[in-house]
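Asks: So that you have it, the file is data_9.cif, and it contains mmCIF, C-alpha atoms:
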```cif
data_data
#
loop_
_atom_site.group_PDB
_atom_site.id
_atom_site.type_symbol
_atom_site.label_atom_id
_atom_site.label_comp_id
_atom_site.auth_asym_id
_atom_site.auth_seq_id
_atom_site.Cartn_x
_atom_site.Cartn_y
_atom_site.Cartn_z
ATOM 1 C CA MET A 20 162.113 109.807 26.075
ATOM 2 C CA THR A 21 160.458 107.434 28.498
ATOM 3 C CA ILE A 22 160.295 103.718 27.725
ATOM 4 C CA ALA A 23 156.582 104.023 27.000
ATOM 5 C CA SER A 24 157.011 106.985 24.649
ATOM 6 C CA GLU A 25 159.886 105.237 22.867
ATOM 7 C CA LEU A 26 157.730 102.147 22.290
ATOM 8 C CA LEU A 27 154.905 104.289 20.907
ATOM 9 C CA ALA A 28 157.259 106.328 18.718
ATOM 10 C CA GLN A 29 158.853 103.222 17.241
ATOM 11 C CA ALA A 30 155.435 101.644 16.682
ATOM 12 C CA ARG A 31 154.477 104.654 14.569
ATOM 13 C CA ILE A 32 157.801 105.020 12.770
ATOM 14 C CA ASN A 33 158.112 101.293 11.994
ATOM 15 C CA HIS A 34 154.381 100.801 11.417
ATOM 16 C CA LYS A 35 154.042 97.983 13.911
ATOM 17 C CA ARG A 36 151.232 97.684 16.436
ATOM 18 C CA LEU A 37 151.485 96.943 20.145
ATOM 19 C CA PRO A 38 149.186 94.597 22.095
ATOM 20 C CA ALA A 39 149.607 96.910 25.111
ATOM 21 C CA LEU A 40 152.309 98.667 27.066
ATOM 22 C CA PRO A 41 154.291 96.167 29.191
ATOM 23 C CA PRO A 42 152.871 95.672 32.710
ATOM 24 C CA ALA A 43 155.922 97.273 34.332
ATOM 25 C CA ILE A 44 155.230 100.598 32.583
ATOM 26 C CA ARG A 45 151.447 100.410 32.318
ATOM 27 C CA LEU A 46 149.830 103.847 32.724
ATOM 28 C CA ASN A 47 147.176 104.370 35.369
ATOM 29 C CA THR A 48 146.424 108.097 35.422
ATOM 30 C CA ALA A 49 145.851 110.916 32.963
ATOM 31 C CA ALA A 50 148.839 112.773 34.416
ATOM 32 C CA GLU A 51 151.130 109.836 33.659
ATOM 33 C CA ALA A 52 149.628 109.522 30.185
ATOM 34 C CA TYR A 53 150.104 113.191 29.258
ATOM 35 C CA ALA A 54 153.735 113.027 30.432
ATOM 36 C CA VAL A 55 154.288 110.129 28.029
ATOM 37 C CA GLN A 56 152.467 112.041 25.285
ATOM 38 C CA ASP A 57 154.776 115.022 25.832
ATOM 39 C CA ALA A 58 157.829 112.807 25.370
ATOM 40 C CA LEU A 59 156.265 111.052 22.370
ATOM 41 C CA ILE A 60 155.663 114.372 20.596
ATOM 42 C CA ASP A 61 159.294 115.369 21.205
ATOM 43 C CA GLY A 62 160.434 112.078 19.684
ATOM 44 C CA LEU A 63 158.146 112.331 16.649
ATOM 45 C CA ARG A 64 159.319 115.871 15.966
ATOM 46 C CA VAL A 65 162.944 114.753 16.088
ATOM 47 C CA HIS A 66 162.210 111.976 13.586
ATOM 48 C CA TYR A 67 159.754 113.674 11.225
ATOM 49 C CA GLY A 68 160.636 117.347 11.718
ATOM 50 C CA GLY A 69 158.053 120.098 11.829
ATOM 51 C CA SER A 70 156.177 121.641 14.704
ATOM 52 C CA VAL A 71 153.071 121.471 16.856
ATOM 53 C CA ILE A 72 150.347 123.397 15.006
ATOM 54 C CA GLY A 73 147.534 122.914 17.500
ATOM 55 C CA TYR A 74 145.469 120.388 19.407
ATOM 56 C CA LYS A 75 142.768 117.784 18.920
ATOM 57 C CA VAL A 76 140.011 117.127 21.407
ATOM 58 C CA ALA A 77 138.906 113.503 21.516
ATOM 59 C CA CYS A 78 135.770 111.821 22.839
ATOM 60 C CA THR A 79 133.561 114.894 22.822
ATOM 61 C CA ASN A 80 130.861 112.729 21.264
ATOM 62 C CA VAL A 81 128.853 110.388 23.516
ATOM 63 C CA THR A 82 129.000 107.656 20.872
ATOM 64 C CA ALA A 83 132.798 107.878 20.775
ATOM 65 C CA GLN A 84 132.971 107.761 24.581
ATOM 66 C CA ARG A 85 130.884 104.603 24.658
ATOM 67 C CA GLN A 86 132.933 103.005 21.879
ATOM 68 C CA LEU A 87 136.189 103.586 23.776
ATOM 69 C CA ASN A 88 134.757 102.974 27.243
ATOM 70 C CA VAL A 89 135.715 106.427 28.560
ATOM 71 C CA ASP A 90 133.603 109.020 30.342
ATOM 72 C CA ALA A 91 135.364 112.301 29.538
ATOM 73 C CA PRO A 92 137.222 114.061 26.719
ATOM 74 C CA PHE A 93 140.989 113.987 26.352
ATOM 75 C CA CYS A 94 143.391 115.730 23.991
ATOM 76 C CA GLY A 95 146.455 115.376 21.792
ATOM 77 C CA ARG A 96 148.623 117.488 19.511
ATOM 78 C CA LEU A 97 148.322 118.280 15.809
ATOM 79 C CA LEU A 98 151.694 118.030 14.061
ATOM 80 C CA SER A 99 152.719 119.765 10.841
ATOM 81 C CA ALA A 100 154.289 116.501 9.624
ATOM 82 C CA PHE A 101 150.823 114.935 9.439
ATOM 83 C CA PHE A 102 148.875 117.937 8.167
ATOM 84 C CA PHE A 103 147.197 118.225 4.743
ATOM 85 C CA GLU A 104 145.271 120.936 2.924
ATOM 86 C CA SER A 105 142.019 119.983 1.200
ATOM 87 C CA PRO A 106 141.771 118.475 -1.367
ATOM 88 C CA ALA A 107 144.166 115.820 -0.058
ATOM 89 C CA ARG A 108 145.433 112.550 -1.526
ATOM 90 C CA ILE A 109 146.855 110.353 1.221
ATOM 91 C CA GLU A 110 148.448 106.913 1.082
ATOM 92 C CA ALA A 111 146.125 104.393 2.708
ATOM 93 C CA SER A 112 149.039 102.124 3.635
ATOM 94 C CA LYS A 113 150.374 104.675 6.132
ATOM 95 C CA PHE A 114 147.609 103.751 8.594
ATOM 96 C CA PHE A 115 146.625 100.616 10.489
ATOM 97 C CA MET A 116 143.032 101.811 10.204
ATOM 98 C CA ARG A 117 141.544 104.883 8.581
ATOM 99 C CA VAL A 118 138.893 106.241 10.957
ATOM 100 C CA VAL A 119 137.446 109.331 9.284
ATOM 101 C CA GLU A 120 136.017 111.977 11.599
ATOM 102 C CA ALA A 121 134.330 115.127 10.264
ATOM 103 C CA GLU A 122 135.081 117.884 12.778
ATOM 104 C CA PHE A 123 134.648 121.611 13.246
ATOM 105 C CA ALA A 124 137.948 123.309 14.014
ATOM 106 C CA PHE A 125 138.966 126.763 15.204
ATOM 107 C CA GLU A 126 141.958 128.954 14.442
ATOM 108 C CA MET A 127 143.166 131.169 17.277
ATOM 109 C CA ALA A 128 143.563 134.907 16.653
ATOM 110 C CA ARG A 129 145.599 135.602 19.780
ATOM 111 C CA ASP A 130 147.399 133.860 22.608
ATOM 112 C CA LEU A 131 145.497 132.450 25.561
ATOM 113 C CA PRO A 132 148.135 131.892 28.237
ATOM 114 C CA PRO A 133 147.458 129.717 31.285
ATOM 115 C CA ALA A 134 145.091 131.410 33.722
ATOM 116 C CA PRO A 135 144.651 131.014 37.502
ATOM 117 C CA ALA A 136 140.895 130.508 37.082
ATOM 118 C CA ALA A 137 138.752 128.864 34.428
ATOM 119 C CA ARG A 138 138.189 131.035 31.370
ATOM 120 C CA SER A 139 134.621 131.637 30.231
ATOM 121 C CA ARG A 140 133.258 130.513 26.909
ATOM 122 C CA ALA A 141 132.771 134.161 25.863
ATOM 123 C CA GLU A 142 136.376 135.047 26.683
ATOM 124 C CA ILE A 143 137.632 132.074 24.713
ATOM 125 C CA ALA A 144 135.370 132.787 21.734
ATOM 126 C CA ALA A 145 136.723 136.353 21.597
ATOM 127 C CA ALA A 146 140.208 134.915 21.001
ATOM 128 C CA VAL A 147 139.088 132.878 17.976
ATOM 129 C CA LYS A 148 139.956 134.070 14.472
ATOM 130 C CA GLY A 149 137.586 131.762 12.644
ATOM 131 C CA VAL A 150 136.024 128.330 12.195
ATOM 132 C CA LEU A 151 136.988 125.817 9.538
ATOM 133 C CA PRO A 152 135.960 122.385 8.291
ATOM 134 C CA GLY A 153 138.254 119.441 8.827
ATOM 135 C CA ILE A 154 138.693 115.694 8.722
ATOM 136 C CA GLU A 155 140.777 114.004 11.361
ATOM 137 C CA ILE A 156 142.172 110.585 10.484
ATOM 138 C CA VAL A 157 142.253 108.566 13.683
ATOM 139 C CA ASP A 158 144.537 105.574 14.064
ATOM 140 C CA SER A 159 145.949 103.612 16.980
ATOM 141 C CA ARG A 160 149.253 101.960 17.649
ATOM 142 C CA PHE A 161 147.449 99.412 19.851
ATOM 143 C CA ASP A 162 145.885 96.200 18.573
ATOM 144 C CA ASP A 163 142.528 96.913 20.217
ATOM 145 C CA TRP A 164 141.983 100.611 20.774
ATOM 146 C CA THR A 165 138.457 100.123 22.075
ATOM 147 C CA THR A 166 139.559 98.237 25.194
ATOM 148 C CA ILE A 167 143.076 99.530 25.910
ATOM 149 C CA GLY A 168 141.817 102.335 28.188
ATOM 150 C CA ALA A 169 142.047 106.110 28.304
ATOM 151 C CA PRO A 170 145.622 106.439 29.680
ATOM 152 C CA SER A 171 147.102 104.424 26.816
ATOM 153 C CA LEU A 172 145.007 106.293 24.252
ATOM 154 C CA ILE A 173 146.149 109.642 25.670
ATOM 155 C CA ALA A 174 149.779 108.527 25.614
ATOM 156 C CA ASP A 175 149.381 107.545 21.946
ATOM 157 C CA ASN A 176 148.706 111.229 21.138
ATOM 158 C CA ALA A 177 144.977 110.661 21.551
ATOM 159 C CA CYS A 178 145.015 108.394 18.466
ATOM 160 C CA ASN A 179 145.744 111.242 16.061
ATOM 161 C CA ALA A 180 147.211 110.104 12.741
ATOM 162 C CA ALA A 181 146.602 113.036 10.377
ATOM 163 C CA TRP A 182 144.446 116.089 9.845
ATOM 164 C CA VAL A 183 142.986 117.570 6.639
ATOM 165 C CA LYS A 184 141.706 121.142 6.792
ATOM 166 C CA GLY A 185 139.629 123.436 4.655
ATOM 167 C CA SER A 186 139.535 127.241 4.518
ATOM 168 C CA VAL A 187 138.954 129.464 7.528
ATOM 169 C CA VAL A 188 135.623 131.321 7.794
ATOM 170 C CA THR A 189 136.122 134.507 9.790
ATOM 171 C CA GLY A 190 132.491 135.671 9.973
ATOM 172 C CA TRP A 191 131.607 132.623 11.994
ATOM 173 C CA GLN A 192 129.729 134.219 14.896
ATOM 174 C CA SER A 193 126.496 134.365 12.889
ATOM 175 C CA ILE A 194 126.582 130.599 12.214
ATOM 176 C CA ASP A 195 124.770 128.363 14.681
ATOM 177 C CA LEU A 196 127.469 125.692 14.895
ATOM 178 C CA ALA A 197 125.395 123.464 17.153
ATOM 179 C CA ALA A 198 122.541 123.323 14.658
ATOM 180 C CA GLN A 199 124.759 123.185 11.591
ATOM 181 C CA ALA A 200 124.358 119.912 9.704
ATOM 182 C CA VAL A 201 127.433 117.930 8.696
ATOM 183 C CA ARG A 202 127.275 115.356 5.894
ATOM 184 C CA VAL A 203 129.927 112.822 4.920
ATOM 185 C CA THR A 204 129.780 111.512 1.360
ATOM 186 C CA VAL A 205 131.879 108.531 0.254
ATOM 187 C CA ASN A 206 132.305 107.788 -3.443
ATOM 188 C CA GLY A 207 129.282 109.941 -4.206
ATOM 189 C CA LYS A 208 126.988 108.320 -1.627
ATOM 190 C CA LEU A 209 125.803 110.048 1.545
ATOM 191 C CA LEU A 210 126.837 107.740 4.399
ATOM 192 C CA ARG A 211 126.984 109.847 7.577
ATOM 193 C CA GLU A 212 125.006 112.795 8.944
ATOM 194 C CA GLY A 213 125.348 114.751 12.169
ATOM 195 C CA SER A 214 125.721 118.248 13.548
ATOM 196 C CA GLY A 215 127.777 120.412 15.862
ATOM 197 C CA ALA A 216 125.401 119.528 18.693
ATOM 198 C CA ASN A 217 127.120 116.127 18.871
ATOM 199 C CA VAL A 218 130.298 117.840 20.126
ATOM 200 C CA LEU A 219 129.543 118.365 23.827
ATOM 201 C CA GLY A 220 126.429 120.243 22.703
ATOM 202 C CA HIS A 221 128.448 122.846 20.765
ATOM 203 C CA PRO A 222 131.991 122.880 19.292
ATOM 204 C CA LEU A 223 132.843 125.901 21.468
ATOM 205 C CA HIS A 224 132.228 123.736 24.533
ATOM 206 C CA ALA A 225 135.038 121.450 23.347
ATOM 207 C CA LEU A 226 137.331 124.439 22.863
ATOM 208 C CA GLU A 227 136.408 125.695 26.323
ATOM 209 C CA TRP A 228 137.200 122.285 27.817
ATOM 210 C CA LEU A 229 140.585 122.226 26.062
ATOM 211 C CA VAL A 230 141.614 125.741 27.098
ATOM 212 C CA ASN A 231 140.873 125.075 30.749
ATOM 213 C CA ASN A 232 142.307 121.561 30.748
ATOM 214 C CA LEU A 233 145.572 122.808 29.257
ATOM 215 C CA SER A 234 145.641 125.807 31.594
ATOM 216 C CA ALA A 235 145.451 123.498 34.596
ATOM 217 C CA ARG A 236 148.598 121.819 33.243
ATOM 218 C CA GLY A 237 150.362 125.154 32.752
ATOM 219 C CA ILE A 238 149.883 125.212 28.969
ATOM 220 C CA GLY A 239 148.322 127.979 26.870
ATOM 221 C CA LEU A 240 147.146 128.301 23.287
ATOM 222 C CA LYS A 241 148.995 130.483 20.794
ATOM 223 C CA ALA A 242 147.804 132.693 17.951
ATOM 224 C CA GLY A 243 147.647 130.719 14.710
ATOM 225 C CA GLN A 244 147.124 127.369 16.353
ATOM 226 C CA TYR A 245 144.267 125.123 15.268
ATOM 227 C CA ILE A 246 141.937 123.153 17.523
ATOM 228 C CA THR A 247 139.807 120.391 16.084
ATOM 229 C CA THR A 248 136.878 119.688 18.358
ATOM 230 C CA GLY A 249 135.672 116.104 17.868
ATOM 231 C CA VAL A 250 133.570 114.014 15.550
ATOM 232 C CA THR A 251 130.138 115.336 14.566
ATOM 233 C CA THR A 252 128.800 112.116 13.004
ATOM 234 C CA GLU A 253 129.320 108.420 13.398
ATOM 235 C CA VAL A 254 132.849 107.617 12.261
ATOM 236 C CA TYR A 255 133.557 106.074 8.873
ATOM 237 C CA MET A 256 136.181 103.334 8.445
ATOM 238 C CA ALA A 257 137.742 104.206 5.108
ATOM 239 C CA GLU A 258 139.332 101.911 2.530
ATOM 240 C CA ARG A 259 141.916 102.484 -0.184
ATOM 241 C CA GLY A 260 140.244 104.169 -3.143
ATOM 242 C CA ASP A 261 137.611 105.989 -1.097
ATOM 243 C CA ARG A 262 136.865 109.575 -2.138
ATOM 244 C CA ILE A 263 135.414 111.365 0.844
ATOM 245 C CA THR A 264 133.764 114.772 1.225
ATOM 246 C CA ALA A 265 132.740 116.269 4.553
ATOM 247 C CA ASP A 266 130.266 119.114 3.977
ATOM 248 C CA PHE A 267 129.726 121.638 6.789
ATOM 249 C CA GLY A 268 127.340 123.957 4.919
ATOM 250 C CA PRO A 269 128.401 127.629 5.231
ATOM 251 C CA VAL A 270 131.572 126.560 7.060
ATOM 252 C CA GLY A 271 132.762 124.843 3.879
ATOM 253 C CA SER A 272 133.826 121.341 2.906
ATOM 254 C CA VAL A 273 136.868 119.078 2.925
ATOM 255 C CA ASP A 274 137.852 116.523 0.278
ATOM 256 C CA LEU A 275 140.048 113.495 0.890
ATOM 257 C CA GLU A 276 141.063 110.534 -1.245
ATOM 258 C CA PHE A 277 142.886 107.466 0.028
ATOM 259 C CA VAL A 278 145.252 106.099 -2.611
#
```
When written as structure tokens, how does the structure in this file appear?

Replies:
Amino acid sequence: MTIASELLAQARINHKRLPALPPAIRLNTAAEAYAVQDALIDGLRVHYGGSVIGYKVACTNVTAQRQLNVDAPFCGRLLSAFFFESPARIEASKFFMRVVEAEFAFEMARDLPPAPAARSRAEIAAAVKGVLPGIEIVDSRFDDWTTIGAPSLIADNACNAAWVKGSVVTGWQSIDLAAQAVRVTVNGKLLREGSGANVLGHPLHALEWLVNNLSARGIGLKAGQYITTGVTTEVYMAERGDRITADFGPVGSVDLEFV
């Protein structure tokens, strides 16, 4: 592991935040940041066990980009060690903050290996098994995630902390995901509303971005992997005791309780 990835791994394992990476190892480019992320994932898998089950795409929502002062999406890995099936009961104390993001996700039906040219949206959609509802729990190992900058956020596995998924819908092509409303209810009260249009205009656009971004780095997607595409509503900062439902209409719903 690199020094930066070791610091980030220990921050997660020991549940201690960092003000920033030391100046001597400060990250300046996305390429540097993804190299640290790679090493971080290796370290987390050694400590927690499990495997990489897919990817998350971050900052596909203009509001999220403005909040974090970035101008483009970035991505991280989904790990089986931090994966939950809905309905989920999760310990609130495991997180520095509990940023709840209601997100459309896809499950891949077949491999999409790296390609010499950008893949089209239609080609990518043909490799999808189905769509599913999900909640990503976003957290950061940095004291102030809104000002730390994109390279540090990327290195910190794109701020992924956990992922809760619902059931896969295979007849998804007839659903207009861009127009589909998403509603987040907390303790019985509707608090957030949005739609798939908030995800780069359509959740498939986020998947397309991921496939081609990974391909440029020599990485492909594999059958059975999940890709969660970015927040569809304003985020919700959850507290212990919150019972949360994210309702995606015909795509289904996800239930989460912080205990």

Asks: I'd like the neighbourhood of Ala91 in chain A as a PyMOL selection string, where a residue qualifies if any of its atoms comes within 10 Å (using only C-alpha atoms), though same-chain residues fewer than 5 positions away should be ignored.

Replies: chain A and resi 77-81+84+169

Asks: Tell me which of A:Ser186, A:Thr166, A:Ser159, A:Asn179 sits closest to Arg36 in chain A, counting all atoms listed in the file.

Replies: A:Ser159

Asks: Can you spell out as a list in words the set of residues that the PyMOL selection byres ((chain A and resi 97-109) around 6) selects in the structure I just provided?

Replies: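 On the file shown, the PyMOL selection byres ((chain A and resi 97-109) around 6) covers Gly69, Ser70, Val71, Ile72, Gly73, Tyr74, Arg96, Glu110, Ala181, Trp182, Val183, Lys184, Gly185, Val273, Asp274, Leu275, Glu276, Phe277 and Val278 of chain A.
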
Asks: Create the file for the chosen residues now, containing C-alpha atoms and written as a PDB file, in the frame of the given file.

Replies:
```
ATOM      1  CA  GLY A  69     158.053 120.098  11.829  1.00  0.00           C
ATOM      2  CA  SER A  70     156.177 121.641  14.704  1.00  0.00           C
ATOM      3  CA  VAL A  71     153.071 121.471  16.856  1.00  0.00           C
ATOM      4  CA  ILE A  72     150.347 123.397  15.006  1.00  0.00           C
ATOM      5  CA  GLY A  73     147.534 122.914  17.500  1.00  0.00           C
ATOM      6  CA  TYR A  74     145.469 120.388  19.407  1.00  0.00           C
ATOM      7  CA  ARG A  96     148.623 117.488  19.511  1.00  0.00           C
ATOM      8  CA  GLU A 110     148.448 106.913   1.082  1.00  0.00           C
ATOM      9  CA  ALA A 181     146.602 113.036  10.377  1.00  0.00           C
ATOM     10  CA  TRP A 182     144.446 116.089   9.845  1.00  0.00           C
ATOM     11  CA  VAL A 183     142.986 117.570   6.639  1.00  0.00           C
ATOM     12  CA  LYS A 184     141.706 121.142   6.792  1.00  0.00           C
ATOM     13  CA  GLY A 185     139.629 123.436   4.655  1.00  0.00           C
ATOM     14  CA  VAL A 273     136.868 119.078   2.925  1.00  0.00           C
ATOM     15  CA  ASP A 274     137.852 116.523   0.278  1.00  0.00           C
ATOM     16  CA  LEU A 275     140.048 113.495   0.890  1.00  0.00           C
ATOM     17  CA  GLU A 276     141.063 110.534  -1.245  1.00  0.00           C
ATOM     18  CA  PHE A 277     142.886 107.466   0.028  1.00  0.00           C
ATOM     19  CA  VAL A 278     145.252 106.099  -2.611  1.00  0.00           C
TER      20      VAL A 278
END
```

Asks: Which residue is closest to Cys178 in chain A? Choose from A:Ala145, A:Val270, A:Val76, A:Ile246 and count all atoms listed in the file.

Replies: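 Closest residue, counting all atoms listed in the file: A:Val76.
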
Asks: What is the distance between CA of Glu227 in chain A and CA of Leu240 in chain A, in Å to one decimal?

Replies: 11.5 Å

Asks: Just the residues within 10 Å of Gln192 in chain A, please, counting only C-alpha atoms, with nothing from its chain fewer than 5 positions along; format it as a list in words.

Replies: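 Residues meeting the cut-off are Ala144, Ala145, Val147, Gly149 and Val150 of chain A.
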
Asks: Could you spell out the hits of the PyMOL selection byres ((chain A and resi 212) around 7) on the shown file, as a count of residues only?

Replies: 6

Asks: So, counting all atoms listed in the file, which residue among A:Gly95, A:Asn88, A:Ala28, A:Glu258 is closest to Arg64 in chain A?

Replies: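 Ranked by minimum distance to Arg64 in chain A, first place goes to A:Ala28.
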
Asks: Which is closer to Glu142 in chain A than all the others in A:Ala197, A:Val230, A:Val205, A:Val89, using only C-alpha atoms?

Replies: A:Val230

Asks: Spell out the residues picked by the PyMOL selection byres ((chain A and resi 133) around 10) here, as a list of chain:residue names.

Replies: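 Matching residues under the PyMOL selection byres ((chain A and resi 133) around 10) are A:Asp130, A:Leu131, A:Pro132, A:Ala134, A:Pro135, A:Ala136, A:Ala137, A:Arg138, A:Val230, A:Asn231, A:Asn232, A:Leu233, A:Ser234, A:Ala235, A:Arg236, A:Gly237, A:Ile238, A:Gly239, A:Leu240.
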
Asks: At a cut-off of 12 Å, using all atoms listed in the file, what residues contact His221 in chain A? Leave out same-chain residues fewer than 3 positions from it and give the result as a list of chain:residue names.

Replies: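 Selected residues are A:Thr79, A:Asn80, A:Glu122, A:Phe123, A:Ala124, A:Arg140, A:Ile194, A:Asp195, A:Leu196, A:Ala197, A:Ala198, A:Gln199, A:Ser214, A:Gly215, A:Ala216, A:Asn217, A:Val218, A:His224, A:Ala225, A:Leu226, A:Glu227, A:Trp228, A:Thr248, A:Gly249, A:Val250, A:Thr251.
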
Asks: Quick one: everything within 10 Å of Val188 in chain A, counting only C-alpha atoms, minus sequence neighbours fewer than 5 positions away in the same chain. Send it as a list in words.

Replies: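 Contacts, in chain order: Phe125, Glu126, Lys148, Gly149, Val150, Leu151, Pro152, Pro269, Val270 and Gly271 of chain A.
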
Asks: How many Å lie between CA of Ala39 in chain A and CA of Asp162 in chain A, rounded to one decimal?

Replies: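 These two atoms are separated by 7.6 Å.
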